[in-house]
Amino acid sequence: MTTHGAVTGVPQAARENWLAQLLGGHWLRMENEFVLLLLLAFLCAVLLGQTRFGSHLLAVGGDPASAESQGVPVNRVKTLAFCLCSLFAGLSAIVTLTNQPQTNVSLGSGMELESIAAVVVGGTLLTGGRGTILGTVLGAFFFTAVRSQMIALGAPPSWYVSFVGIALLVVVTINTLVARRLRAA
């Protein structure tokens with residue numbers, strides 16, 4: 001409200017802060033954002049695959065009523081999942097701002113379809129209960145690579161949105177067939 005939706009930039013002193021340098025600098029000739037992504041992906045993979053909370057999260061995602069009948073605290077798991085989602089969204093905003101201090105406040109608007117498509121292409125079932133962090137990261141890399149190539153080829157932006165939509169339809173169809181096959185087995 002105080003900035004009226006405008007970002008005027010981050011002052012030079014704030015950009016030189018140790019935390020801004022940690023989140024927006026370079027380690028081992030790689031951008032810190034990439035190193036942070038790998039670290040968080042590893043931690044989330046361990047959380048999802050090796051902890052009780054991860055098992056509960058997959059159970060609630062698959063069938064909340066069934067999970068509750070097995071003693072899973074569904075409301076607590078959902079609350080923690082939303083809190084983690086919010087934490088990661090805030091962290092990504094901070095990392096983006098440290099890397100691109102002149103960013104636009106609407107950065108990321110309209111990327112909802114791409115995010116869902118990346119998760120589904122990565123192998124997560126839309127019905128819930130199955131998915132991996134590695135698959136999600138690979139799905140995001142896939143769409144990033146496609147976007148970069150389409151820009152390099154000079155394709156109009158509408159083509160990329162169309163590609164994402166078509167890819168999502170194809171993957172959802174495959175996803176539905178896999179889910180049916182899993183239920184039958």
# chains A, B, ... in the order shown; residues from 1 in each chain; ligands from 1
call {"tool": "select_by_dssp", "arguments": {"residues": "chain A", "states": "helix (DSSP H, G or I)", "output": "PyMOL selection string"}}
result
chain A and resi 12-15+18-24+32-50+52-62+64-69+74-99+112-121+133-153+157-184
call {"tool": "select_by_dssp", "arguments": {"residues": "range 22-124 of chain A", "states": "strand (DSSP E or B)", "output": "ChimeraX atom specification"}}
result
/A:26-27,30-31
call {"tool": "closest_residue", "arguments": {"among": "A:Ala45, A:Leu91, A:Met30, A:Val120", "to": "Leu168 in chain A", "atoms": "only C-alpha atoms"}}
result
A:Val120
call {"tool": "residues_around", "arguments": {"residues": "range 54-67 of chain A", "least_positions_apart": "6", "cutoff": "7 Å", "atoms": "only C-alpha atoms", "output": "PDB file with all heavy atoms, in the first residue's frame"}}
result
ATOM      1  N   LEU A  47      12.164 -35.164   3.427  1.00  0.00           N
ATOM      2  CA  LEU A  47      10.947 -34.946   4.209  1.00  0.00           C
ATOM      3  C   LEU A  47       9.793 -35.785   3.669  1.00  0.00           C
ATOM      4  O   LEU A  47       9.076 -36.432   4.429  1.00  0.00           O
ATOM      5  CB  LEU A  47      10.570 -33.460   4.199  1.00  0.00           C
ATOM      6  CG  LEU A  47       9.297 -33.089   4.949  1.00  0.00           C
ATOM      7  CD1 LEU A  47       9.564 -33.070   6.443  1.00  0.00           C
ATOM      8  CD2 LEU A  47       8.780 -31.749   4.487  1.00  0.00           C
ATOM      9  N   LEU A  48       9.628 -35.800   2.352  1.00  0.00           N
ATOM     10  CA  LEU A  48       8.515 -36.523   1.744  1.00  0.00           C
ATOM     11  C   LEU A  48       8.702 -38.034   1.791  1.00  0.00           C
ATOM     12  O   LEU A  48       7.751 -38.771   2.024  1.00  0.00           O
ATOM     13  CB  LEU A  48       8.333 -36.068   0.289  1.00  0.00           C
ATOM     14  CG  LEU A  48       7.083 -36.522  -0.421  1.00  0.00           C
ATOM     15  CD1 LEU A  48       5.832 -35.970   0.266  1.00  0.00           C
ATOM     16  CD2 LEU A  48       7.111 -36.076  -1.879  1.00  0.00           C
ATOM     17  N   VAL A  74      -5.444 -34.961   9.755  1.00  0.00           N
ATOM     18  CA  VAL A  74      -5.605 -34.344   8.440  1.00  0.00           C
ATOM     19  C   VAL A  74      -5.501 -32.829   8.507  1.00  0.00           C
ATOM     20  O   VAL A  74      -4.778 -32.213   7.702  1.00  0.00           O
ATOM     21  CB  VAL A  74      -6.945 -34.791   7.796  1.00  0.00           C
ATOM     22  CG1 VAL A  74      -7.209 -34.038   6.517  1.00  0.00           C
ATOM     23  CG2 VAL A  74      -6.940 -36.290   7.552  1.00  0.00           C
ATOM     24  N   VAL A  77      -1.904 -31.730   9.126  1.00  0.00           N
ATOM     25  CA  VAL A  77      -1.063 -31.968   7.951  1.00  0.00           C
ATOM     26  C   VAL A  77      -1.337 -30.918   6.876  1.00  0.00           C
ATOM     27  O   VAL A  77      -0.411 -30.358   6.277  1.00  0.00           O
ATOM     28  CB  VAL A  77      -1.280 -33.398   7.401  1.00  0.00           C
ATOM     29  CG1 VAL A  77      -0.612 -33.582   6.054  1.00  0.00           C
ATOM     30  CG2 VAL A  77      -0.763 -34.430   8.395  1.00  0.00           C
ATOM     31  N   THR A 127      -4.772 -36.645  -8.912  1.00  0.00           N
ATOM     32  CA  THR A 127      -5.665 -37.179  -7.888  1.00  0.00           C
ATOM     33  C   THR A 127      -4.986 -37.237  -6.526  1.00  0.00           C
ATOM     34  O   THR A 127      -5.649 -37.456  -5.524  1.00  0.00           O
ATOM     35  CB  THR A 127      -6.135 -38.588  -8.291  1.00  0.00           C
ATOM     36  OG1 THR A 127      -4.988 -39.415  -8.534  1.00  0.00           O
ATOM     37  CG2 THR A 127      -7.008 -38.540  -9.524  1.00  0.00           C
ATOM     38  N   GLY A 128      -3.663 -37.035  -6.496  1.00  0.00           N
ATOM     39  CA  GLY A 128      -2.926 -37.003  -5.245  1.00  0.00           C
ATOM     40  C   GLY A 128      -2.409 -38.352  -4.827  1.00  0.00           C
ATOM     41  O   GLY A 128      -2.746 -39.383  -5.398  1.00  0.00           O
ATOM     42  N   GLY A 129      -1.566 -38.351  -3.827  1.00  0.00           N
ATOM     43  CA  GLY A 129      -1.073 -39.590  -3.254  1.00  0.00           C
ATOM     44  C   GLY A 129       0.202 -40.121  -3.864  1.00  0.00           C
ATOM     45  O   GLY A 129       0.845 -40.990  -3.291  1.00  0.00           O
ATOM     46  N   ARG A 130       0.600 -39.641  -5.031  1.00  0.00           N
ATOM     47  CA  ARG A 130       1.829 -40.104  -5.678  1.00  0.00           C
ATOM     48  C   ARG A 130       2.555 -38.913  -6.287  1.00  0.00           C
ATOM     49  O   ARG A 130       1.946 -38.057  -6.909  1.00  0.00           O
ATOM     50  CB  ARG A 130       1.533 -41.104  -6.787  1.00  0.00           C
ATOM     51  CG  ARG A 130       0.933 -42.382  -6.321  1.00  0.00           C
ATOM     52  CD  ARG A 130       1.237 -43.488  -7.314  1.00  0.00           C
ATOM     53  NE  ARG A 130       0.444 -44.678  -7.089  1.00  0.00           N
ATOM     54  CZ  ARG A 130       0.662 -45.564  -6.144  1.00  0.00           C
ATOM     55  NH1 ARG A 130       1.623 -45.382  -5.289  1.00  0.00           N
ATOM     56  NH2 ARG A 130      -0.085 -46.637  -6.032  1.00  0.00           N
TER      57      ARG A 130
END
call {"tool": "atom_distance", "arguments": {"atom1": "CA of Ile151 in chain A", "atom2": "CA of Asn175 in chain A"}}
result
28.7 Å
call {"tool": "residues_around", "arguments": {"residues": "Phe163 in chain A", "least_positions_apart": "2", "cutoff": "12 Å", "atoms": "only C-alpha atoms", "output": "PyMOL selection string"}}
result
chain A and resi 113-114+117+143+146-147+150+155-161+165-171
call {"tool": "closest_residue", "arguments": {"among": "A:Ser162, A:Ser106, A:Ser92, A:Thr173", "to": "Leu125 in chain A", "atoms": "only C-alpha atoms"}}
result
A:Thr173
call {"tool": "atom_distance", "arguments": {"atom1": "CA of Ala185 in chain A", "atom2": "CA of Thr51 in chain A"}}
result
26.3 Å
call {"tool": "closest_atom_pairs", "arguments": {"of": "range 76-150 of chain A", "to": "range 12-27 of chain A", "cutoff": "6 Å", "atoms": "only C-alpha atoms", "output": "Markdown table"}}
result
| residue | atom | partner | partner_atom | distance |
| --- | --- | --- | --- | --- |
| A:Val95 | CA | A:Leu23 | CA | 5.6 |
| A:Thr98 | CA | A:Gly24 | CA | 5.0 |
| A:Asn99 | CA | A:Gly24 | CA | 4.6 |
call {"tool": "closest_residue", "arguments": {"among": "A:Cys85, A:Arg181, A:Glu31, A:Ala41", "to": "Thr136 in chain A", "atoms": "only C-alpha atoms"}}
result
A:Ala41
call {"tool": "closest_residue", "arguments": {"among": "A:Ile133, A:Met111, A:Leu182, A:Leu87", "to": "Cys44 in chain A", "atoms": "only C-alpha atoms"}}
result
A:Ile133
call {"tool": "closest_residue", "arguments": {"among": "A:Ala145, A:Ala118, A:Ala89, A:Ala184", "to": "Thr132 in chain A", "atoms": "only C-alpha atoms"}}
result
A:Ala118
call {"tool": "closest_residue", "arguments": {"among": "A:Val137, A:Ile94, A:Pro11, A:Val164", "to": "Thr124 in chain A", "atoms": "only C-alpha atoms"}}
result
A:Val137
call {"tool": "atom_distance", "arguments": {"atom1": "CA of Leu43 in chain A", "atom2": "CA of Gly123 in chain A"}}
result
18.9 Å
